[in-house]
file structure-v1.cif (mmCIF, C-alpha atoms)
data_run
#
loop_
_atom_site.label_atom_id
_atom_site.label_comp_id
_atom_site.auth_asym_id
_atom_site.auth_seq_id
_atom_site.Cartn_x
_atom_site.Cartn_y
_atom_site.Cartn_z
CA MET P 7 4.60 31.69 158.14
CA SER P 8 5.60 28.73 156.07
CA ARG P 9 3.79 25.47 155.57
CA GLU P 10 5.15 22.95 158.00
CA ASN P 11 4.13 19.81 159.80
CA PRO P 12 0.81 19.35 161.54
CA HIS P 13 -0.24 18.26 165.01
CA LYS P 14 -2.07 15.87 167.18
CA HIS P 15 -2.51 15.71 170.93
CA SER P 16 -3.39 13.83 173.97
CA TYR P 17 -4.98 15.68 176.85
CA ALA P 18 -3.40 14.15 179.92
CA HIS P 19 -1.72 16.07 182.72
CA GLN P 20 -4.50 18.60 183.05
CA VAL P 21 -4.78 20.37 186.38
CA HIS P 22 -7.49 22.44 187.94
CA ASP P 23 -7.42 26.20 187.51
CA ASN P 24 -5.95 27.96 190.49
CA GLN P 25 -7.02 31.42 189.37
CA PRO P 26 -10.09 33.13 190.84
CA LYS P 27 -13.28 32.05 189.09
CA LEU P 28 -14.79 34.66 186.86
CA SER P 29 -18.21 36.00 187.53
CA ARG P 30 -20.88 35.66 184.90
CA ARG P 31 -20.78 38.50 182.43
CA GLY P 32 -24.17 40.02 181.76
CA LEU P 33 -24.57 42.67 179.13
CA LEU P 34 -27.03 43.85 176.55
CA ARG P 35 -26.33 42.52 173.09
CA SER P 36 -26.60 45.77 171.16
CA ALA P 37 -29.87 47.28 169.99
CA GLY P 38 -31.70 43.99 170.29
CA GLY P 39 -31.51 44.32 174.05
CA LEU P 40 -30.79 40.62 174.51
CA THR P 41 -28.97 39.89 177.73
CA ALA P 42 -26.04 37.64 176.99
CA ALA P 43 -25.80 34.61 179.19
CA LEU P 44 -22.14 33.80 178.97
CA ALA P 45 -20.82 30.52 180.29
CA VAL P 46 -17.62 31.60 181.99
CA GLY P 47 -15.29 28.89 183.13
CA ALA P 48 -16.97 26.09 181.22
CA SER P 49 -15.66 22.64 181.97
CA ALA P 50 -13.43 20.71 179.62
CA ALA P 51 -16.41 18.47 178.92
CA ALA P 52 -18.05 21.41 177.20
CA LEU P 53 -15.52 21.04 174.43
CA THR P 54 -17.22 17.83 173.31
CA ALA P 55 -20.76 19.09 173.78
CA PRO P 56 -22.80 21.10 171.28
CA ALA P 57 -22.02 24.80 171.58
CA ALA P 58 -24.51 26.62 173.76
CA GLU P 59 -23.79 30.08 172.40
CA ALA P 60 -25.56 31.54 169.42
CA ALA P 61 -24.90 34.67 167.43
CA PRO P 62 -26.48 37.83 168.84
CA ALA P 63 -29.99 38.60 167.68
CA THR P 64 -28.68 41.97 166.58
CA PHE P 65 -24.98 42.50 165.94
CA THR P 66 -23.15 45.33 167.67
CA HIS P 67 -21.44 47.82 165.34
CA PRO P 68 -18.64 48.69 165.54
CA GLY P 69 -18.12 45.27 167.02
CA MET P 70 -14.83 43.61 166.17
CA LEU P 71 -11.45 44.47 167.66
CA HIS P 72 -12.79 47.87 168.66
CA ALA P 73 -16.27 48.46 169.98
CA TYR P 74 -17.63 51.88 170.93
CA GLY P 75 -16.23 51.83 174.46
CA GLU P 76 -12.64 51.21 173.38
CA LEU P 77 -12.83 53.79 170.62
CA ASN P 78 -14.37 56.45 172.86
CA ARG P 79 -11.85 55.88 175.65
CA ALA P 80 -8.93 56.20 173.23
CA LYS P 81 -10.42 59.39 171.81
CA VAL P 82 -10.92 60.99 175.22
CA ARG P 83 -7.58 59.93 176.68
CA VAL P 84 -5.51 60.94 173.67
CA ALA P 85 -7.22 64.33 173.56
CA ALA P 86 -6.39 64.79 177.24
CA GLY P 87 -2.74 63.91 176.63
CA ASP P 88 -2.83 60.99 179.07
CA ASP P 89 -0.30 58.16 178.99
CA PRO P 90 0.01 55.38 178.00
CA TRP P 91 -2.67 56.31 175.44
CA LEU P 92 -0.73 59.29 174.13
CA SER P 93 2.45 57.24 173.72
CA GLY P 94 0.49 54.64 171.80
CA TRP P 95 -1.11 57.35 169.67
CA ASN P 96 2.29 58.85 168.87
CA ARG P 97 3.44 55.41 167.74
CA LEU P 98 0.45 55.29 165.39
CA THR P 99 0.89 58.73 163.87
CA ALA P 100 4.62 58.13 163.33
CA ASN P 101 3.91 55.05 161.21
CA SER P 102 4.04 55.82 157.48
CA HIS P 103 1.06 53.52 156.87
CA SER P 104 -1.16 55.91 158.83
CA ALA P 105 -0.43 58.85 156.52
CA SER P 106 -3.41 60.26 154.64
CA THR P 107 -1.20 60.42 151.55
CA TRP P 108 -0.88 56.62 151.29
CA THR P 109 -1.49 55.37 147.73
CA ALA P 110 -3.28 52.06 147.33
CA ARG P 111 -2.03 49.45 144.87
CA PRO P 112 -5.03 47.17 144.32
CA GLN P 113 -4.64 43.95 142.34
CA ALA P 114 -7.16 41.65 140.70
CA THR P 115 -5.24 38.57 141.87
CA ILE P 116 -3.19 38.18 145.04
CA VAL P 117 -0.65 35.36 145.21
CA ARG P 118 0.89 34.02 148.42
CA GLY P 119 3.13 30.99 147.99
CA GLY P 120 4.72 29.82 144.77
CA THR P 121 5.39 31.79 141.60
CA GLY P 122 4.38 35.42 141.24
CA GLU P 123 3.94 36.35 144.88
CA ASN P 124 2.58 39.86 145.37
CA TYR P 125 0.74 39.58 148.68
CA ASN P 126 2.94 42.26 150.24
CA LEU P 127 0.89 44.79 148.26
CA LEU P 128 -2.26 43.59 150.00
CA TYR P 129 -1.02 43.54 153.57
CA ASN P 130 0.61 46.94 153.32
CA ASP P 131 -2.60 48.47 151.98
CA ILE P 132 -4.75 46.74 154.60
CA HIS P 133 -2.62 48.11 157.42
CA ALA P 134 -2.72 51.56 155.82
CA ALA P 135 -6.53 51.39 155.69
CA TYR P 136 -6.71 50.22 159.29
CA GLN P 137 -4.28 52.80 160.64
CA ASN P 138 -5.98 55.64 158.77
CA ALA P 139 -9.31 54.39 160.11
CA LEU P 140 -7.95 54.51 163.67
CA ARG P 141 -6.72 58.07 163.18
CA TRP P 142 -10.15 59.05 161.89
CA LYS P 143 -11.92 57.40 164.81
CA ILE P 144 -9.62 58.85 167.47
CA ALA P 145 -8.84 62.33 166.12
CA GLY P 146 -11.68 62.90 163.65
CA THR P 147 -9.31 63.88 160.83
CA THR P 148 -11.31 63.75 157.62
CA ALA P 149 -8.21 63.27 155.48
CA ASN P 150 -7.52 59.97 157.25
CA GLY P 151 -11.12 58.83 156.98
CA ASP P 152 -11.16 59.65 153.28
CA ARG P 153 -7.91 57.75 152.76
CA ALA P 154 -9.13 54.65 154.58
CA VAL P 155 -12.25 54.58 152.43
CA ALA P 156 -10.29 55.18 149.23
CA ILE P 157 -8.10 52.15 149.99
CA LEU P 158 -11.05 49.91 150.87
CA ASN P 159 -13.01 50.97 147.78
CA ALA P 160 -10.01 50.50 145.50
CA TRP P 161 -9.57 46.90 146.58
CA SER P 162 -13.26 45.97 146.59
CA SER P 163 -13.55 47.20 143.01
CA THR P 164 -10.48 45.24 141.88
CA LEU P 165 -9.71 42.07 143.84
CA THR P 166 -11.31 38.89 142.51
CA ASN P 167 -8.95 36.09 143.53
CA VAL P 168 -6.54 35.01 146.27
CA THR P 169 -4.35 32.11 145.17
CA GLY P 170 -0.94 30.46 145.47
CA ASN P 171 0.21 27.22 147.09
CA ALA P 172 -1.11 26.15 150.51
CA ASP P 173 -0.10 29.58 151.80
CA ARG P 174 -3.14 31.02 150.03
CA PHE P 175 -5.11 29.87 153.05
CA LEU P 176 -2.90 31.97 155.31
CA ALA P 177 -3.49 34.98 153.08
CA ALA P 178 -7.25 34.46 153.05
CA GLY P 179 -7.31 34.12 156.83
CA ILE P 180 -4.89 36.78 158.06
CA TYR P 181 -5.79 39.44 155.52
CA GLY P 182 -9.47 38.53 155.54
CA TYR P 183 -9.98 39.32 159.21
CA GLN P 184 -7.74 42.38 159.07
CA PHE P 185 -9.55 43.77 156.03
CA ALA P 186 -12.92 43.23 157.70
CA ASN P 187 -11.75 45.10 160.80
CA ALA P 188 -10.71 48.13 158.75
CA ALA P 189 -14.08 48.09 156.98
CA GLU P 190 -15.99 47.77 160.25
CA LEU P 191 -14.37 50.97 161.51
CA MET P 192 -15.47 52.83 158.37
CA ARG P 193 -19.04 51.51 158.36
CA GLY P 194 -21.39 54.39 157.59
CA TYR P 195 -18.66 56.73 156.34
CA SER P 196 -19.70 58.85 153.37
CA GLY P 197 -18.55 57.32 150.10
CA PHE P 198 -17.65 53.90 151.50
CA ASP P 199 -19.21 51.17 149.35
CA LEU P 200 -19.87 48.73 152.18
CA GLY P 201 -22.10 46.56 150.02
CA ARG P 202 -19.39 45.97 147.44
CA PHE P 203 -16.83 45.36 150.18
CA LYS P 204 -19.07 42.73 151.78
CA THR P 205 -19.40 41.03 148.40
CA MET P 206 -15.61 40.85 148.10
CA MET P 207 -15.32 39.33 151.56
CA LEU P 208 -18.04 36.77 150.86
CA ASP P 209 -16.87 35.83 147.37
CA VAL P 210 -13.07 36.05 147.63
CA PHE P 211 -12.12 35.39 151.26
CA TYR P 212 -14.85 33.29 152.89
CA PRO P 213 -14.74 30.39 150.39
CA LEU P 214 -11.05 29.81 151.13
CA ASN P 215 -11.59 30.23 154.89
CA ASN P 216 -14.39 27.68 154.83
CA GLN P 217 -12.50 25.32 152.54
CA PHE P 218 -9.57 25.25 154.92
CA LEU P 219 -11.54 24.64 158.10
CA THR P 220 -13.66 21.92 156.51
CA GLY P 221 -10.98 20.21 154.40
CA HIS P 222 -7.53 21.31 155.64
CA ASN P 223 -6.11 21.21 152.12
CA ASP P 224 -6.84 17.46 151.95
CA ALA P 225 -4.32 16.80 154.73
CA CYS P 226 -4.50 15.00 158.05
CA ILE P 227 -6.64 17.05 160.44
CA THR P 228 -3.61 17.69 162.66
CA ASN P 229 -1.23 18.52 159.79
CA TYR P 230 -1.41 22.28 160.11
CA TRP P 231 -0.23 24.43 163.00
CA SER P 232 -2.82 26.19 165.13
CA ASN P 233 -2.29 29.56 163.43
CA TRP P 234 -3.59 28.18 160.14
CA ASP P 235 -6.94 27.37 161.73
CA LEU P 236 -6.98 30.50 163.87
CA CYS P 237 -6.51 33.01 161.06
CA ASN P 238 -9.31 31.39 159.06
CA MET P 239 -11.52 31.26 162.14
CA ASN P 240 -10.82 34.97 162.62
CA SER P 241 -11.77 35.76 159.05
CA ILE P 242 -15.05 33.85 159.25
CA LEU P 243 -15.93 35.48 162.58
CA ALA P 244 -15.11 38.95 161.24
CA ILE P 245 -17.04 38.37 158.01
CA GLY P 246 -19.99 37.16 160.06
CA ILE P 247 -19.98 40.38 162.08
CA LEU P 248 -19.37 42.64 159.08
CA CYS P 249 -22.19 41.03 157.10
CA ASP P 250 -24.57 40.44 160.05
CA ASP P 251 -24.39 36.75 159.17
CA ALA P 252 -25.28 34.66 162.21
CA ALA P 253 -24.45 31.34 160.55
CA LYS P 254 -20.87 32.38 159.86
CA TYR P 255 -20.44 33.84 163.33
CA ASP P 256 -21.66 30.59 164.86
CA GLN P 257 -19.44 28.54 162.54
CA ALA P 258 -16.36 30.30 163.88
CA VAL P 259 -17.36 30.22 167.56
CA ASN P 260 -18.38 26.57 167.40
CA TYR P 261 -15.03 25.68 165.83
CA PHE P 262 -13.23 27.47 168.66
CA LYS P 263 -15.11 25.30 171.14
CA THR P 264 -15.38 21.94 169.39
CA GLY P 265 -13.34 22.01 166.16
CA ALA P 266 -11.22 18.99 165.26
CA GLY P 267 -8.24 21.04 164.07
CA ASN P 268 -5.48 22.73 166.01
CA GLY P 269 -7.18 26.13 166.21
CA SER P 270 -9.83 24.91 168.61
CA LEU P 271 -9.03 25.75 172.20
CA ALA P 272 -8.36 22.26 173.57
CA HIS P 273 -6.08 21.43 170.64
CA ALA P 274 -4.27 24.77 170.76
CA VAL P 275 -3.60 24.30 174.50
CA PRO P 276 -3.16 20.54 174.92
CA TYR P 277 -1.47 20.41 178.35
CA LEU P 278 -2.03 22.30 181.59
CA TYR P 279 0.28 22.79 184.56
CA THR P 280 0.73 24.78 187.76
CA ASP P 281 4.13 26.40 188.38
CA SER P 282 5.97 26.74 191.69
CA ALA P 283 4.50 30.19 192.24
CA GLY P 284 0.99 28.75 191.96
CA TYR P 285 0.12 30.13 188.53
CA ALA P 286 -1.73 28.00 186.00
CA LEU P 287 0.11 27.54 182.70
CA GLY P 288 -0.93 26.01 179.39
CA GLN P 289 1.44 24.57 176.81
CA TRP P 290 0.80 26.17 173.40
CA GLN P 291 0.53 23.89 170.39
CA GLU P 292 3.38 25.56 168.50
CA SER P 293 5.75 25.87 171.48
CA GLY P 294 7.98 23.08 170.20
CA ARG P 295 8.17 24.75 166.77
CA ASP P 296 9.44 28.27 167.49
CA GLN P 297 8.50 31.28 169.59
CA GLY P 298 7.72 33.66 166.73
CA HIS P 299 4.79 31.56 165.55
CA THR P 300 3.85 30.82 169.15
CA MET P 301 3.49 34.55 169.83
CA MET P 302 1.62 34.93 166.57
CA GLY P 303 -0.85 32.48 168.10
CA MET P 304 -1.28 34.78 171.10
CA GLY P 305 -2.23 37.55 168.68
CA GLN P 306 -4.53 35.37 166.60
CA MET P 307 -6.45 33.86 169.50
CA GLY P 308 -6.47 37.20 171.32
CA ALA P 309 -8.07 38.83 168.28
CA PHE P 310 -10.67 36.07 168.08
CA CYS P 311 -11.61 36.40 171.73
CA GLU P 312 -11.78 40.21 171.53
CA MET P 313 -14.06 40.18 168.48
CA ALA P 314 -16.39 37.72 170.20
CA TRP P 315 -16.25 39.82 173.39
CA SER P 316 -17.46 42.84 171.41
CA GLN P 317 -20.53 40.78 170.51
CA GLY P 318 -21.16 39.67 174.09
CA ASP P 319 -19.42 36.28 174.09
CA ASP P 320 -16.69 35.58 176.66
CA LEU P 321 -14.27 33.21 174.95
CA TYR P 322 -11.33 34.67 176.86
CA GLY P 323 -12.69 32.86 179.91
CA TYR P 324 -13.89 29.71 178.16
CA ASP P 325 -12.92 26.40 179.76
CA SER P 326 -11.67 27.95 182.99
CA ASN P 327 -9.49 30.62 181.36
CA ARG P 328 -7.62 28.08 179.27
CA PHE P 329 -6.31 30.69 176.85
CA MET P 330 -5.06 32.86 179.71
CA LYS P 331 -3.03 29.91 180.99
CA ALA P 332 -1.42 29.52 177.56
CA ALA P 333 -0.58 33.23 177.39
CA GLN P 334 1.00 33.03 180.86
CA TYR P 335 3.07 30.03 179.71
CA VAL P 336 4.26 31.70 176.53
CA ALA P 337 5.05 34.95 178.32
CA LYS P 338 6.93 33.22 181.12
CA TYR P 339 9.16 31.32 178.70
CA ASN P 340 9.82 34.32 176.50
CA LEU P 341 10.82 36.36 179.53
CA GLY P 342 13.69 33.90 179.98
CA ASN P 343 12.15 31.56 182.54
CA ASP P 344 11.81 27.78 182.44
CA VAL P 345 8.44 26.17 181.79
CA PRO P 346 7.37 22.51 181.71
CA PHE P 347 6.99 20.78 178.36
CA THR P 348 5.20 17.53 177.55
CA THR P 349 6.26 15.65 174.40
CA TYR P 350 3.91 16.73 171.66
CA THR P 351 2.95 14.15 169.03
CA TRP P 352 0.80 14.68 165.96
CA GLY P 353 -0.11 13.22 162.58
CA THR P 354 1.35 14.75 159.43
CA GLY P 355 0.68 14.81 155.71
CA GLN P 356 -2.22 12.97 154.14
CA ASN P 357 -1.50 9.70 155.91
CA CYS P 358 -1.15 11.10 159.42
CA SER P 359 2.37 9.73 159.84
CA GLN P 360 3.54 10.45 163.36
CA SER P 361 5.93 13.23 164.36
CA SER P 362 6.97 14.43 167.81
CA GLN P 363 8.60 17.37 169.57
CA THR P 364 10.32 16.51 172.83
CA VAL P 365 11.51 19.95 174.00
CA ILE P 366 10.27 23.51 173.83
CA SER P 367 11.91 25.51 171.05
CA SER P 368 14.20 28.43 171.85
CA VAL P 369 14.07 29.71 168.24
CA ASN P 370 12.96 33.38 168.19
CA ARG P 371 12.75 33.39 171.99
CA GLY P 372 11.88 36.88 173.19
CA GLN P 373 10.76 38.11 169.77
CA VAL P 374 8.80 41.36 169.96
CA ARG P 375 5.25 41.23 168.62
CA PRO P 376 2.40 43.64 169.49
CA VAL P 377 0.13 40.99 170.97
CA TRP P 378 0.39 41.49 174.72
CA ASP P 379 -1.52 44.64 175.71
CA ILE P 380 -4.83 43.27 174.44
CA LEU P 381 -4.33 40.28 176.76
CA TYR P 382 -2.99 42.22 179.74
CA TYR P 383 -5.75 44.80 179.74
CA HIS P 384 -8.42 42.14 179.43
CA TYR P 385 -7.27 39.70 182.07
CA ALA P 386 -5.72 42.14 184.53
CA LYS P 387 -7.96 45.19 184.12
CA ARG P 388 -11.32 43.99 182.86
CA ARG P 389 -11.19 40.82 184.96
CA GLY P 390 -8.89 41.71 187.83
CA LEU P 391 -6.87 38.50 187.54
CA SER P 392 -3.22 38.14 188.49
CA VAL P 393 -1.23 37.58 185.28
CA PRO P 394 2.34 38.62 186.16
CA TYR P 395 4.02 37.02 183.15
CA ILE P 396 1.63 38.60 180.66
CA GLN P 397 2.03 41.90 182.49
CA ALA P 398 5.83 41.77 182.31
CA MET P 399 5.76 40.97 178.59
CA ALA P 400 3.35 43.83 177.91
CA GLU P 401 5.42 46.30 179.91
CA SER P 402 8.60 45.26 178.12
CA ILE P 403 7.36 46.35 174.68
CA ARG P 404 4.87 49.13 175.47
CA PRO P 405 3.81 51.28 173.65
CA GLU P 406 2.82 48.83 170.96
CA GLY P 407 3.09 49.73 167.31
CA GLY P 408 1.58 48.00 164.31
CA GLY P 409 2.25 46.92 160.75
CA GLY P 410 5.40 48.62 159.53
CA ASP P 411 6.94 48.93 163.00
CA TYR P 412 8.24 45.37 163.18
CA GLY P 413 10.02 44.84 159.89
CA THR P 414 8.91 44.76 156.27
CA THR P 415 8.24 41.04 155.90
CA SER P 416 4.85 39.44 156.46
CA GLY P 417 5.52 38.43 160.07
CA GLY P 418 5.52 42.08 161.06
CA PHE P 419 2.00 42.40 159.63
CA ASP P 420 0.46 39.26 161.17
CA GLN P 421 -1.27 41.40 163.79
CA LEU P 422 -2.90 44.82 163.51
CA GLY P 423 -1.27 45.98 166.75
CA PHE P 424 -1.63 49.32 168.58
CA GLY P 425 -2.91 47.58 171.68
CA THR P 426 -1.64 50.31 174.00
CA VAL P 427 -3.67 53.17 172.61
CA MET P 428 -6.72 51.00 172.00
CA TYR P 429 -6.94 48.84 175.13
CA ALA P 430 -5.22 50.66 177.99
CA LYS P 431 -7.46 50.98 181.05
#

call {"tool": "encode", "arguments": {"input": "structure-v1.cif", "output": "structure tokens"}}
result
Amino acid sequence: MSRENPHKHSYAHQVHDNQPKLSRRGLLRSAGGLTAALAVGASAAALTAPAAEAAPATFTHPGMLHAYGELNRAKVRVAAGDDPWLSGWNRLTANSHSASTWTARPQATIVRGGTGENYNLLYNDIHAAYQNALRWKIAGTTANGDRAVAILNAWSSTLTNVTGNADRFLAAGIYGYQFANAAELMRGYSGFDLGRFKTMMLDVFYPLNNQFLTGHNDACITNYWSNWDLCNMNSILAIGILCDDAAKYDQAVNYFKTGAGNGSLAHAVPYLYTDSAGYALGQWQESGRDQGHTMMGMGQMGAFCEMAWSQGDDLYGYDSNRFMKAAQYVAKYNLGNDVPFTTYTWGTGQNCSQSSQTVISSVNRGQVRPVWDILYYHYAKRRGLSVPYIQAMAESIRPEGGGGDYGTTSGGFDQLGFGTVMYAK
């Protein structure tokens, strides 16, 4: 993802949701026994009001992309040889990153953007740690658990700095939340130095995440695409969960609801529509840019909502399923169908000079990214909502792979993947 223009919006042309209203989700927030009161289908006005949600009194662990229920279901279904779980599992075990023989290449300094780039070493090792952790959790293979821990320990004992040009903020965000997810899976594993890993996350990744969300690299607040905010929001949320840090968790959730940048929900989905079939659609903030980054946004916001869901917060359904409408819009267009598009205007650079996109971009249309099963299984299976466009996209690429299955460049590692084996219901 390269550094490009920014973005501003107006919020006209909003329509009412035509999907069934979600029921309130009540659940116990982990060991604390607090019943979560989740505001499902909050009004758009809620986006300008102080956030009502607070971090759980006691964090659920594991509690990021994969909570106990998802992990246990995958374990049981794979052992039974059931599809689509088995097909997803076979995709995982065929990936070279999941091999217990993977050798880590930790660095003291990671550079993304500018001279001396070496960030490919980091993202390959993170995905190897994550994939080995999944194999340990699902099949109980000690060799994979040992390898995941060896990779995590190697980096936490070595990495002290993430730098580069503006792209350093992408590195801190994308790899921060992914690293934290791998560590969360290995929490409590013999030999894993969780304390040292937390220190690395707090000292190396969080400062850049926070700097970006609060200062946006000294640029106009709309200068950066939604994914820039989203990856840093993901990292802060994941670090908050990993470190049982309620303030960081709340920082991320509050930004999702009320943030001034393009990662907040109302900015990421500036226009709403209803198509001729009666389905609600939401124009994604990067739709006029290209479809690869637009689908990256589906993965980034999907990860954010899933991590919050694991802690008892329903952001998937926030503001009348606004994110679901965006996913339907993106899926419909990338399936080859027409969708409406409202001219998108935003402020760029440091002076907020105006720029506009007048048509949706066909660049990378139909690109394959493993971001759809997490959305399909939530909205269609957990919630029982009709999401035909999301469903068709998910079915077209199932079983989903992960890092290493979609090319060797960074775009193929923007999402952890393996949604089929982990989320099928």

call {"tool": "residues_around", "arguments": {"input": "structure-v1.cif", "residues": "segment 403-414 of chain P", "least_positions_apart": "3", "cutoff": "10 Å", "atoms": "all atoms listed in the file", "output": "PyMOL selection string"}}
result
chain P and resi 89-104+126+129-130+132-134+136-137+374-379+398-400+417-428

call {"tool": "closest_atom_pairs", "arguments": {"input": "structure-v1.cif", "of": "segment 110-214 of chain P", "to": "segment 225-242 of chain P", "cutoff": "9 Å", "atoms": "all atoms listed in the file", "output": "Markdown table"}}
result
| residue | atom | partner | partner_atom | distance |
| --- | --- | --- | --- | --- |
| P:Phe175 | CA | P:Trp234 | CA | 7.4 |
| P:Leu176 | CA | P:Trp234 | CA | 6.2 |
| P:Ala177 | CA | P:Cys237 | CA | 8.8 |
| P:Ala178 | CA | P:Asn238 | CA | 7.1 |
| P:Gly179 | CA | P:Asn238 | CA | 4.1 |
| P:Ile180 | CA | P:Cys237 | CA | 5.1 |
| P:Tyr181 | CA | P:Ser241 | CA | 7.9 |
| P:Gly182 | CA | P:Ser241 | CA | 5.0 |
| P:Tyr183 | CA | P:Ser241 | CA | 4.0 |
| P:Gln184 | CA | P:Ser241 | CA | 7.8 |
| P:Phe185 | CA | P:Ser241 | CA | 8.8 |
| P:Ala186 | CA | P:Ser241 | CA | 7.7 |
| P:Phe211 | CA | P:Ser241 | CA | 7.8 |
| P:Tyr212 | CA | P:Ile242 | CA | 6.4 |
| P:Leu214 | CA | P:Asn238 | CA | 8.3 |

call {"tool": "closest_atom_pairs", "arguments": {"input": "structure-v1.cif", "of": "segment 173-233 of chain P", "to": "segment 138-141 of chain P", "cutoff": "10 Å", "atoms": "all atoms listed in the file", "output": "tab-separated table"}}
result
residue	atom	partner	partner_atom	distance
P:Asn187	CA	P:Ala139	CA	9.6
P:Ala188	CA	P:Ala139	CA	6.6
P:Ala189	CA	P:Ala139	CA	8.5
P:Glu190	CA	P:Ala139	CA	9.4
P:Leu191	CA	P:Ala139	CA	6.3
P:Met192	CA	P:Ala139	CA	6.6

call {"tool": "write_last_selection", "arguments": {"input": "structure-v1.cif", "atoms": "C-alpha atoms", "output": "CSV table (one decimal), in the frame of the given file"}}
result
chain,number,residue,atom,x,y,z
P,187,ASN,CA,-11.8,45.1,160.8
P,188,ALA,CA,-10.7,48.1,158.8
P,189,ALA,CA,-14.1,48.1,157.0
P,190,GLU,CA,-16.0,47.8,160.2
P,191,LEU,CA,-14.4,51.0,161.5
P,192,MET,CA,-15.5,52.8,158.4

call {"tool": "closest_residue", "arguments": {"input": "structure-v1.cif", "among": "P:Val369, P:Ala156, P:Val117, P:Met70", "to": "Arg174 of chain P", "atoms": "only C-alpha atoms"}}
result
P:Val117

call {"tool": "residues_around", "arguments": {"input": "structure-v1.cif", "residues": "Met304 of chain P", "least_positions_apart": "2", "cutoff": "8 Å", "atoms": "only C-alpha atoms", "output": "CSV table (one decimal) with C-alpha atoms, in the frame of the given file"}}
result
chain,number,residue,atom,x,y,z
P,300,THR,CA,3.8,30.8,169.2
P,301,MET,CA,3.5,34.6,169.8
P,302,MET,CA,1.6,34.9,166.6
P,306,GLN,CA,-4.5,35.4,166.6
P,307,MET,CA,-6.4,33.9,169.5
P,308,GLY,CA,-6.5,37.2,171.3
P,333,ALA,CA,-0.6,33.2,177.4
P,377,VAL,CA,0.1,41.0,171.0
P,378,TRP,CA,0.4,41.5,174.7

call {"tool": "residues_around", "arguments": {"input": "structure-v1.cif", "residues": "Ala314 of chain P", "least_positions_apart": "2", "cutoff": "9 Å", "atoms": "only C-alpha atoms", "output": "ChimeraX atom specification"}}
result
/P:69-71,243,255,259,309-312,316-322

call {"tool": "decode", "arguments": {"input": "structure-v1.cif", "residues": "segment 337-341 of chain P", "atoms": "all heavy atoms", "output": "tab-separated table (two decimals), in the first residue's frame"}}
result
chain	number	residue	atom	x	y	z
P	337	ALA	N	-18.59	-6.21	-2.43
P	337	ALA	CA	-18.76	-7.54	-3.01
P	337	ALA	C	-19.55	-7.48	-4.31
P	337	ALA	O	-19.18	-8.09	-5.31
P	337	ALA	CB	-19.45	-8.46	-2.01
P	338	LYS	N	-20.64	-6.72	-4.32
P	338	LYS	CA	-21.48	-6.64	-5.51
P	338	LYS	C	-20.67	-6.12	-6.70
P	338	LYS	O	-20.74	-6.69	-7.80
P	338	LYS	CB	-22.70	-5.75	-5.25
P	338	LYS	CG	-23.65	-5.68	-6.44
P	338	LYS	CD	-24.92	-4.88	-6.13
P	338	LYS	CE	-25.85	-4.90	-7.34
P	338	LYS	NZ	-27.12	-4.15	-7.07
P	339	TYR	N	-19.90	-5.07	-6.48
P	339	TYR	CA	-19.13	-4.50	-7.59
P	339	TYR	C	-18.04	-5.46	-8.06
P	339	TYR	O	-17.82	-5.62	-9.26
P	339	TYR	CB	-18.50	-3.17	-7.16
P	339	TYR	CG	-17.71	-2.51	-8.27
P	339	TYR	CD1	-18.37	-1.99	-9.39
P	339	TYR	CD2	-16.33	-2.44	-8.23
P	339	TYR	CE1	-17.66	-1.40	-10.43
P	339	TYR	CE2	-15.60	-1.86	-9.26
P	339	TYR	CZ	-16.28	-1.34	-10.36
P	339	TYR	OH	-15.57	-0.78	-11.39
P	340	ASN	N	-17.39	-6.12	-7.13
P	340	ASN	CA	-16.30	-7.00	-7.51
P	340	ASN	C	-16.77	-8.33	-8.08
P	340	ASN	O	-15.97	-9.10	-8.62
P	340	ASN	CB	-15.35	-7.19	-6.33
P	340	ASN	CG	-14.42	-6.00	-6.17
P	340	ASN	OD1	-13.40	-5.90	-6.85
P	340	ASN	ND2	-14.79	-5.07	-5.30
P	341	LEU	N	-18.05	-8.58	-7.98
P	341	LEU	CA	-18.65	-9.73	-8.66
P	341	LEU	C	-19.02	-9.39	-10.11
P	341	LEU	O	-19.48	-10.25	-10.86
P	341	LEU	CB	-19.91	-10.20	-7.92
P	341	LEU	CG	-19.67	-10.93	-6.60
P	341	LEU	CD1	-20.96	-10.99	-5.79
P	341	LEU	CD2	-19.11	-12.33	-6.84
